[in-house]
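**Q** For reference, this is run_24.cif, and it has mmCIF, C-alpha atoms and all ligand atoms.
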data_my_file
#
loop_
_atom_site.label_atom_id
_atom_site.label_comp_id
_atom_site.auth_asym_id
_atom_site.auth_seq_id
_atom_site.Cartn_x
_atom_site.Cartn_y
_atom_site.Cartn_z
CA MET A 1 107.52 62.96 105.34
CA ILE A 2 107.63 66.46 106.82
CA PRO A 3 104.72 68.23 105.10
CA PHE A 4 104.99 71.84 104.04
CA ASN A 5 101.83 72.80 105.91
CA GLN A 6 99.50 71.13 108.34
CA PRO A 7 96.23 72.84 109.23
CA TYR A 8 95.95 73.34 112.98
CA MET A 9 92.67 72.59 114.75
CA THR A 10 91.99 74.13 118.16
CA GLY A 11 89.53 71.37 119.09
CA LYS A 12 86.51 73.63 119.42
CA GLU A 13 85.64 73.94 115.73
CA MET A 14 83.17 71.04 115.65
CA LEU A 15 81.60 72.07 118.93
CA TYR A 16 80.81 75.52 117.59
CA ILE A 17 79.59 74.11 114.28
CA ALA A 18 77.22 71.83 116.21
CA GLU A 19 76.03 74.85 118.16
CA ALA A 20 75.38 76.84 115.00
CA ASN A 21 73.55 73.88 113.50
CA PHE A 22 71.50 73.35 116.66
CA ASN A 23 70.33 76.94 116.54
CA HIS A 24 69.23 76.50 112.91
CA MET A 25 71.41 79.39 111.91
CA LEU A 26 73.03 78.12 108.77
CA ALA A 27 72.90 81.11 106.41
CA GLY A 28 75.31 84.00 106.85
CA ASP A 29 75.37 86.85 109.36
CA GLY A 30 74.18 84.85 112.37
CA GLN A 31 75.59 84.82 115.90
CA PHE A 32 78.98 83.34 115.00
CA THR A 33 79.53 85.81 112.17
CA LYS A 34 78.73 88.59 114.61
CA ARG A 35 81.19 87.18 117.16
CA CYS A 36 83.88 87.01 114.46
CA HIS A 37 83.16 90.61 113.43
CA ASP A 38 83.40 91.80 117.04
CA TRP A 39 86.61 89.88 117.59
CA LEU A 40 88.21 91.24 114.43
CA GLU A 41 87.16 94.81 115.18
CA THR A 42 88.43 94.64 118.76
CA ASN A 43 91.64 92.90 117.83
CA SER A 44 92.55 95.09 114.85
CA THR A 45 90.79 98.32 115.97
CA SER A 46 89.27 98.48 112.48
CA LYS A 47 85.95 100.34 112.38
CA LYS A 48 84.16 97.57 110.51
CA ALA A 49 85.00 93.94 109.80
CA LEU A 50 82.95 91.89 107.34
CA LEU A 51 83.50 88.17 106.81
CA THR A 52 83.81 87.03 103.20
CA HIS A 53 84.33 83.72 101.39
CA SER A 54 87.99 84.48 100.89
CA CYS A 55 90.57 87.22 100.80
CA THR A 56 90.01 87.17 97.05
CA ALA A 57 86.35 88.10 97.64
CA ALA A 58 87.35 90.83 100.11
CA LEU A 59 89.69 92.33 97.52
CA GLU A 60 86.91 92.20 94.91
CA MET A 61 84.65 94.07 97.32
CA ALA A 62 87.41 96.64 97.86
CA ALA A 63 87.76 97.13 94.10
CA ILE A 64 84.01 97.82 93.81
CA LEU A 65 84.13 100.19 96.81
CA ALA A 66 87.11 102.00 95.28
CA ASP A 67 84.89 102.52 92.23
CA ILE A 68 87.52 101.17 89.83
CA GLN A 69 86.52 102.03 86.25
CA GLN A 70 87.84 100.84 82.89
CA GLY A 71 91.46 101.96 82.56
CA ASP A 72 91.96 103.03 86.17
CA GLU A 73 95.42 102.15 87.42
CA VAL A 74 96.28 100.36 90.64
CA ILE A 75 99.86 100.28 91.90
CA MET A 76 101.00 96.98 93.43
CA PRO A 77 103.99 94.66 93.63
CA SER A 78 104.47 92.03 90.93
CA TYR A 79 105.71 89.69 93.62
CA THR A 80 102.31 88.60 94.97
CA PHE A 81 99.46 86.15 94.57
CA VAL A 82 97.18 86.57 91.54
CA SER A 83 94.16 87.74 93.56
CA THR A 84 95.85 91.05 94.40
CA ALA A 85 95.64 91.95 90.70
CA ASN A 86 92.61 89.95 89.58
CA ALA A 87 90.21 91.80 91.87
CA PHE A 88 90.93 95.06 90.04
CA VAL A 89 91.22 93.56 86.57
CA LEU A 90 87.66 92.22 86.98
CA ARG A 91 86.49 95.88 87.24
CA GLY A 92 88.53 96.94 84.17
CA GLY A 93 91.45 98.21 86.22
CA VAL A 94 95.09 98.03 85.15
CA PRO A 95 97.67 96.68 87.63
CA VAL A 96 100.87 98.73 87.53
CA TYR A 97 103.71 96.69 89.00
CA VAL A 98 106.59 98.24 90.88
CA ASP A 99 109.65 96.48 92.24
CA ILE A 100 110.12 95.20 95.80
CA ARG A 101 112.59 95.87 98.61
CA THR A 102 115.37 93.35 99.09
CA ASP A 103 114.99 93.18 102.88
CA THR A 104 111.25 92.43 103.32
CA LEU A 105 110.30 91.56 99.72
CA ASN A 106 107.51 94.12 100.13
CA ILE A 107 106.67 96.86 97.63
CA ASP A 108 109.48 99.44 97.48
CA GLU A 109 107.70 102.55 98.73
CA SER A 110 110.38 104.79 97.20
CA LEU A 111 109.28 103.67 93.70
CA ILE A 112 105.55 104.29 94.12
CA GLU A 113 105.43 107.99 93.37
CA ALA A 114 107.13 107.57 89.96
CA ALA A 115 104.38 105.11 88.96
CA ILE A 116 101.51 107.52 89.66
CA THR A 117 99.65 108.89 86.60
CA PRO A 118 96.38 110.84 86.24
CA ARG A 119 94.63 107.43 85.97
CA THR A 120 95.96 106.07 89.29
CA LYS A 121 93.19 105.29 91.78
CA ALA A 122 94.77 103.13 94.46
CA ILE A 123 97.90 101.62 95.97
CA VAL A 124 97.75 97.98 97.08
CA PRO A 125 100.58 97.11 99.48
CA VAL A 126 100.96 93.38 100.13
CA HIS A 127 102.37 92.47 103.54
CA TYR A 128 104.54 89.59 102.45
CA ALA A 129 105.06 86.88 105.07
CA GLY A 130 103.09 88.95 107.58
CA VAL A 131 105.81 91.61 107.72
CA GLY A 132 104.40 95.10 107.32
CA CYS A 133 105.08 97.38 104.35
CA GLU A 134 106.41 100.89 105.05
CA MET A 135 102.86 102.11 105.71
CA ASP A 136 103.60 105.65 107.01
CA THR A 137 105.32 106.52 103.74
CA ILE A 138 102.65 104.80 101.63
CA MET A 139 99.80 106.56 103.44
CA GLU A 140 101.55 109.91 103.08
CA ILE A 141 102.02 109.43 99.31
CA ALA A 142 98.39 108.34 98.94
CA GLN A 143 97.13 111.35 100.86
CA ARG A 144 99.21 113.76 98.81
CA HIS A 145 97.86 112.33 95.54
CA GLY A 146 94.30 111.61 96.66
CA LEU A 147 94.65 107.83 96.29
CA LEU A 148 93.10 104.98 98.22
CA VAL A 149 95.23 102.41 100.03
CA ILE A 150 93.89 98.86 100.06
CA GLU A 151 96.07 96.50 102.09
CA ASP A 152 96.38 92.93 100.92
CA ALA A 153 96.85 91.63 104.46
CA ALA A 154 96.05 88.03 103.46
CA GLN A 155 99.15 86.89 105.35
CA GLY A 156 99.00 89.61 107.99
CA VAL A 157 96.46 88.48 110.59
CA MET A 158 97.83 89.28 114.10
CA ALA A 159 100.85 91.17 112.72
CA LYS A 160 101.58 94.85 113.34
CA TYR A 161 103.38 97.87 111.96
CA LYS A 162 104.35 100.50 114.56
CA GLY A 163 101.84 98.95 116.94
CA ARG A 164 98.94 99.05 114.47
CA SER A 165 97.33 95.92 113.02
CA LEU A 166 98.07 95.17 109.39
CA GLY A 167 94.85 95.55 107.42
CA ALA A 168 93.60 98.34 109.68
CA ILE A 169 95.97 101.08 108.49
CA GLY A 170 94.86 101.75 104.89
CA HIS A 171 91.34 102.77 103.85
CA MET A 172 90.54 99.06 103.55
CA GLY A 173 92.32 95.80 104.27
CA ALA A 174 91.75 92.19 103.29
CA TYR A 175 92.49 89.11 105.45
CA SER A 176 92.64 85.47 104.39
CA PHE A 177 91.59 82.49 106.49
CA HIS A 178 92.55 79.98 103.81
CA GLU A 179 93.84 76.64 105.09
CA THR A 180 97.43 77.66 104.30
CA LYS A 181 97.31 80.83 106.42
CA ASN A 182 97.78 81.22 110.20
CA VAL A 183 94.15 81.44 111.35
CA ILE A 184 91.90 79.34 109.17
CA SER A 185 88.40 78.35 108.17
CA GLY A 186 89.28 76.27 105.10
CA GLU A 187 88.32 78.98 102.67
CA GLY A 188 87.55 82.33 104.23
CA GLY A 189 88.45 85.96 104.55
CA ALA A 190 87.41 89.36 105.81
CA LEU A 191 87.27 92.92 104.60
CA LEU A 192 88.31 95.56 107.11
CA VAL A 193 86.70 98.91 106.36
CA ASN A 194 88.75 101.57 108.10
CA ASP A 195 87.16 104.64 106.54
CA ASP A 196 83.54 105.45 107.46
CA ARG A 197 82.80 106.65 103.93
CA PHE A 198 82.73 103.04 102.77
CA THR A 199 80.93 101.27 105.61
CA ASP A 200 77.30 101.40 104.46
CA ARG A 201 78.15 100.59 100.88
CA ALA A 202 80.39 97.70 101.94
CA GLU A 203 77.45 96.05 103.72
CA ILE A 204 75.23 96.54 100.68
CA ILE A 205 77.76 95.17 98.17
CA ARG A 206 78.29 92.10 100.37
CA GLU A 207 74.54 91.40 100.56
CA LYS A 208 73.83 91.15 96.80
CA GLY A 209 73.42 94.91 96.50
CA THR A 210 70.59 95.09 99.03
CA ASN A 211 70.26 97.00 102.30
CA ARG A 212 69.40 93.78 104.15
CA SER A 213 71.76 94.56 107.04
CA GLN A 214 70.07 97.91 107.65
CA PHE A 215 66.70 96.15 107.49
CA PHE A 216 67.71 93.65 110.18
CA ARG A 217 68.92 96.49 112.38
CA GLY A 218 65.49 98.10 111.96
CA GLN A 219 66.89 101.13 110.12
CA VAL A 220 64.65 100.63 107.08
CA ASP A 221 61.23 98.95 106.91
CA LYS A 222 61.91 96.81 103.84
CA TYR A 223 65.00 95.77 102.00
CA THR A 224 65.49 96.46 98.32
CA TRP A 225 68.07 96.48 95.58
CA GLN A 226 70.30 99.52 96.15
CA ASP A 227 73.56 99.03 94.28
CA VAL A 228 75.71 96.51 92.44
CA GLY A 229 76.75 93.62 94.63
CA SER A 230 77.15 89.91 94.98
CA SER A 231 76.97 87.21 97.60
CA PHE A 232 80.25 87.75 99.42
CA LEU A 233 79.26 86.42 102.86
CA PRO A 234 80.07 82.97 104.22
CA GLY A 235 77.54 80.72 105.95
CA GLU A 236 77.45 80.28 109.72
CA LEU A 237 79.27 76.92 109.71
CA ILE A 238 82.38 78.63 108.35
CA ALA A 239 81.99 81.47 110.86
CA ALA A 240 81.61 78.95 113.71
CA PHE A 241 84.80 77.19 112.64
CA LEU A 242 86.60 80.51 112.31
CA TYR A 243 85.52 81.73 115.72
CA ALA A 244 87.16 78.73 117.37
CA GLN A 245 90.37 79.74 115.60
CA LEU A 246 90.14 83.44 116.41
CA GLU A 247 89.78 82.63 120.11
CA GLU A 248 93.15 80.87 119.86
CA ALA A 249 94.80 83.37 117.49
CA ASP A 250 97.26 84.61 120.13
CA ALA A 251 98.40 81.10 121.06
CA ILE A 252 98.63 80.10 117.38
CA THR A 253 100.80 83.14 116.63
CA GLN A 254 103.08 82.51 119.64
CA ARG A 255 103.61 78.89 118.68
CA ARG A 256 104.41 79.83 115.08
CA LEU A 257 106.82 82.52 116.29
CA ASN A 258 108.59 79.95 118.45
CA ALA A 259 109.04 77.62 115.47
CA TRP A 260 110.18 80.57 113.35
CA ARG A 261 112.89 81.45 115.92
CA VAL A 262 114.05 77.84 116.02
CA TYR A 263 114.71 77.94 112.26
CA HIS A 264 116.31 81.36 112.56
CA ASP A 265 118.84 80.04 115.09
CA LEU A 266 119.44 76.73 113.31
CA LEU A 267 120.15 78.47 110.00
CA GLU A 268 122.47 81.20 111.25
CA PRO A 269 125.62 79.16 110.44
CA LEU A 270 124.45 78.74 106.82
CA GLU A 271 124.03 82.49 106.54
CA ASN A 272 127.45 83.06 108.09
CA ALA A 273 128.91 80.63 105.55
CA GLY A 274 127.43 82.79 102.77
CA LEU A 275 125.10 80.06 101.49
CA ILE A 276 121.75 81.66 102.30
CA ARG A 277 120.16 84.84 103.54
CA ARG A 278 117.61 84.62 106.34
CA PRO A 279 114.45 86.80 106.59
CA ILE A 280 114.88 90.37 107.81
CA ILE A 281 112.23 91.88 110.10
CA PRO A 282 112.42 95.70 110.41
CA ALA A 283 112.28 97.02 113.98
CA GLU A 284 108.90 98.70 113.41
CA CYS A 285 107.26 95.41 112.40
CA GLU A 286 105.78 92.77 114.68
CA GLN A 287 105.51 89.77 112.41
CA ASN A 288 103.21 86.74 112.80
CA ALA A 289 105.56 83.98 111.56
CA HIS A 290 103.34 83.27 108.58
CA MET A 291 106.30 81.74 106.80
CA TYR A 292 109.95 80.93 107.08
CA TYR A 293 111.89 81.36 103.86
CA VAL A 294 115.54 81.38 102.90
CA LEU A 295 117.16 83.09 99.93
CA LEU A 296 119.81 80.93 98.30
CA SER A 297 123.02 82.70 97.36
CA ASP A 298 123.14 80.62 94.20
CA GLY A 299 119.76 80.63 92.43
CA ALA A 300 120.93 78.04 89.90
CA GLN A 301 120.94 75.55 92.79
CA ARG A 302 117.26 75.92 93.67
CA ASP A 303 115.83 73.02 91.65
CA HIS A 304 118.57 70.76 92.96
CA VAL A 305 117.97 71.86 96.55
CA LEU A 306 114.19 71.36 96.33
CA LYS A 307 114.66 67.90 94.81
CA TYR A 308 117.24 66.99 97.44
CA LEU A 309 114.91 68.10 100.23
CA ARG A 310 112.01 66.13 98.77
CA SER A 311 114.10 62.99 98.37
CA ALA A 312 114.91 63.36 102.08
CA ASN A 313 111.18 63.65 102.84
CA VAL A 314 111.20 67.39 103.44
CA ASN A 315 108.47 69.17 101.53
CA ALA A 316 109.76 72.68 100.76
CA VAL A 317 108.28 74.91 98.04
CA PHE A 318 108.89 78.16 96.20
CA HIS A 319 106.66 81.01 95.01
CA TYR A 320 105.63 83.33 93.36
CA VAL A 321 105.97 83.41 89.60
CA PRO A 322 105.91 87.24 89.44
CA LEU A 323 102.75 88.64 87.88
CA HIS A 324 104.71 90.59 85.27
CA SER A 325 106.16 87.35 83.92
CA SER A 326 102.90 85.37 83.87
CA PRO A 327 100.58 85.34 80.81
CA ALA A 328 97.60 87.12 82.39
CA GLY A 329 99.81 89.47 84.38
CA MET A 330 101.39 90.74 81.15
CA LYS A 331 98.09 90.91 79.32
CA PHE A 332 96.20 92.91 81.97
CA GLY A 333 98.94 94.91 83.66
CA ARG A 334 102.18 96.73 83.01
CA VAL A 335 105.44 97.33 84.80
CA ASN A 336 106.75 100.67 85.91
CA GLY A 337 110.53 100.68 86.12
CA ASP A 338 112.62 97.54 86.18
CA MET A 339 111.75 94.39 88.14
CA LYS A 340 115.33 93.58 89.11
CA ASN A 341 114.68 92.67 92.74
CA THR A 342 111.42 90.87 91.95
CA ASP A 343 113.11 88.69 89.34
CA TYR A 344 116.17 87.99 91.47
CA LEU A 345 114.40 87.30 94.78
CA SER A 346 111.61 85.16 93.32
CA GLU A 347 114.24 82.92 91.72
CA HIS A 348 116.26 82.46 94.91
CA LEU A 349 113.55 81.82 97.49
CA ILE A 350 112.63 78.57 99.23
CA ARG A 351 109.88 78.25 101.86
CA LEU A 352 110.45 75.73 104.63
CA PRO A 353 107.79 73.63 106.38
CA LEU A 354 106.19 75.64 109.19
CA TRP A 355 103.03 74.87 111.11
CA VAL A 356 101.71 74.72 114.65
CA GLY A 357 103.03 71.49 116.12
CA ILE A 358 106.17 71.02 114.03
CA THR A 359 108.76 69.62 116.44
CA GLU A 360 112.25 70.92 117.06
CA ALA A 361 113.57 67.54 115.91
CA GLN A 362 111.75 67.93 112.61
CA GLN A 363 113.10 71.47 112.22
CA LYS A 364 116.63 70.22 112.93
CA MET A 365 116.19 67.63 110.23
CA VAL A 366 115.00 70.30 107.77
CA ALA A 367 117.98 72.53 108.58
CA GLU A 368 120.42 69.64 108.40
CA THR A 369 119.00 68.47 105.05
CA LEU A 370 119.21 72.00 103.68
CA ARG A 371 122.85 72.22 104.79
CA ALA A 372 123.63 68.89 103.13
CA ALA A 373 121.87 69.99 99.93
CA LEU A 374 123.89 73.19 99.76
CA GLN A 375 127.29 71.71 100.49
C1 LIG B 401 96.49 83.74 100.22
C2 LIG B 401 96.60 85.07 99.57
C3 LIG B 401 95.51 85.64 98.88
C4 LIG B 401 94.24 84.90 98.62
O1 LIG B 401 93.58 84.50 99.76
P1 LIG B 401 92.26 83.59 99.61
O2 LIG B 401 91.63 83.67 100.97
O3 LIG B 401 92.70 82.22 99.26
O4 LIG B 401 91.41 84.20 98.56
C5 LIG B 401 95.65 86.91 98.38
N1 LIG B 401 96.80 87.60 98.51
C6 LIG B 401 97.86 87.07 99.15
C7 LIG B 401 99.12 87.89 99.28
C8 LIG B 401 97.80 85.78 99.68
O5 LIG B 401 98.87 85.27 100.30
#
Rewrite the coordinates I just gave you, this time as structure tokens.

**A**
Amino acid sequence: MIPFNQPYMTGKEMLYIAEANFNHMLAGDGQFTKRCHDWLETNSTSKKALLTHSCTAALEMAAILADIQQGDEVIMPSYTFVSTANAFVLRGGVPVYVDIRTDTLNIDESLIEAAITPRTKAIVPVHYAGVGCEMDTIMEIAQRHGLLVIEDAAQGVMAKYKGRSLGAIGHMGAYSFHETKNVISGEGGALLVNDDRFTDRAEIIREKGTNRSQFFRGQVDKYTWQDVGSSFLPGELIAAFLYAQLEEADAITQRRLNAWRVYHDLLEPLENAGLIRRPIIPAECEQNAHMYYVLLSDGAQRDHVLKYLRSANVNAVFHYVPLHSSPAGMKFGRVNGDMKNTDYLSEHLIRLPLWVGITEAQQKMVAETLRAALQ
């Protein structure tokens, strides 16, 4: 069986966990958390990185920092994971879905302005598959209308847009280190705070609403309840695991990119035969090979193709059910304009197995099985 995903271990995770344990530093914000923060800040050039339990938690922090109030609107794609919307719905916000581009499957920046109302507070671009959204245009629109930009960069660790790290371009950005992502800690994430206005409050919200971080830096002589907040920080064992992965993030990305290119070459004949469309990476984007997907020319074939692949021991999957066609997505949000591309693309997409260590022989078998399924 060729699994869809296989978590990659660098080999140093357990060593670092033992080290953290040995030092009796098991709660959050110890030495390994600090090393992860430094690494993330250096690597992304974000002003402030804060580890969280998940990207979901980082997005929830961003929604609090953005001061989302009942009825405030947040513009986002419908073609995304539920956490993009949930974080704002939890604060009383209303997701406003706009359609996606056919090339990258990212939010169509040309449709954003028409969705802005007096209640709009933020734009949440999602960098699908680690391929950057059209951030210059999005930032310019946000600036003109006084909106915040919160990047859902869950899939975007190590990827760039015009040389800048995804997650470090908007006012805030959220990373995921979930087992299914490129750099992992099981469950895990980080909030990147790229605008100084939010830094102090971000630390407070993450530490149950207290100024504990300032206390430990000696900036205040006791720590007290300052604001709303929750426990958004992971323990040191997670940070120790994550640090081992971050150290190898470059190598992980290169190996994934190699596997991605192997698929891209193997599948070119199927595209030329008009059976599929391969991913498109705009010139200004440096992707991270988070996923390899194909778009079937005939969507009616998808169930058959997935079943065929599975019966040949190839575990391929599809996603997402667009938010605007899911029960909670309809209840809590609304669409602006039609969702033509979202509906079409989400029904035609198949994700192929991709992980660090997949062999060329396995990839050949996947490509060959896909060809057989389609013909
Ligand atoms: C994975 C993912 C999330 C959620 O990440 P967690 O770390 O599991 O909370 C959010 N948004 C997108 C686009 C994702 O792919």

**Q** One number please: CA of Glu286 (chain A) to CA of Gly163 (chain A), in Å, one decimal.

**A** 7.7 Å

**Q** When you count all atoms listed in the file, which of these residues is closest to ligand LIG 401 (chain B): A:Ile17, A:Ala190, A:Ala361, A:Leu50?

**A**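 Smallest distance to ligand LIG 401 (chain B) is found for A:Ala190.
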
**Q** Find the distance between CA of Val193 (chain A) and CA of Gly71 (chain A) and write it in Å to one decimal.

**A** 24.5 Å

**Q** Could you check how far CA of Thr56 (chain A) sits from CA of Leu192 (chain A), in Å to one decimal?

**A**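 Computing the Euclidean distance for CA of Thr56 (chain A) and CA of Leu192 (chain A) yields 13.2 Å.
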
**Q** Around (66.9, 95.2, 98.8) in the file's own coordinates, what residues are found within 9 Å if you use all atoms listed in the file, given back as a PyMOL selection string?

**A** chain A and resi 204+207-212+215+222-227
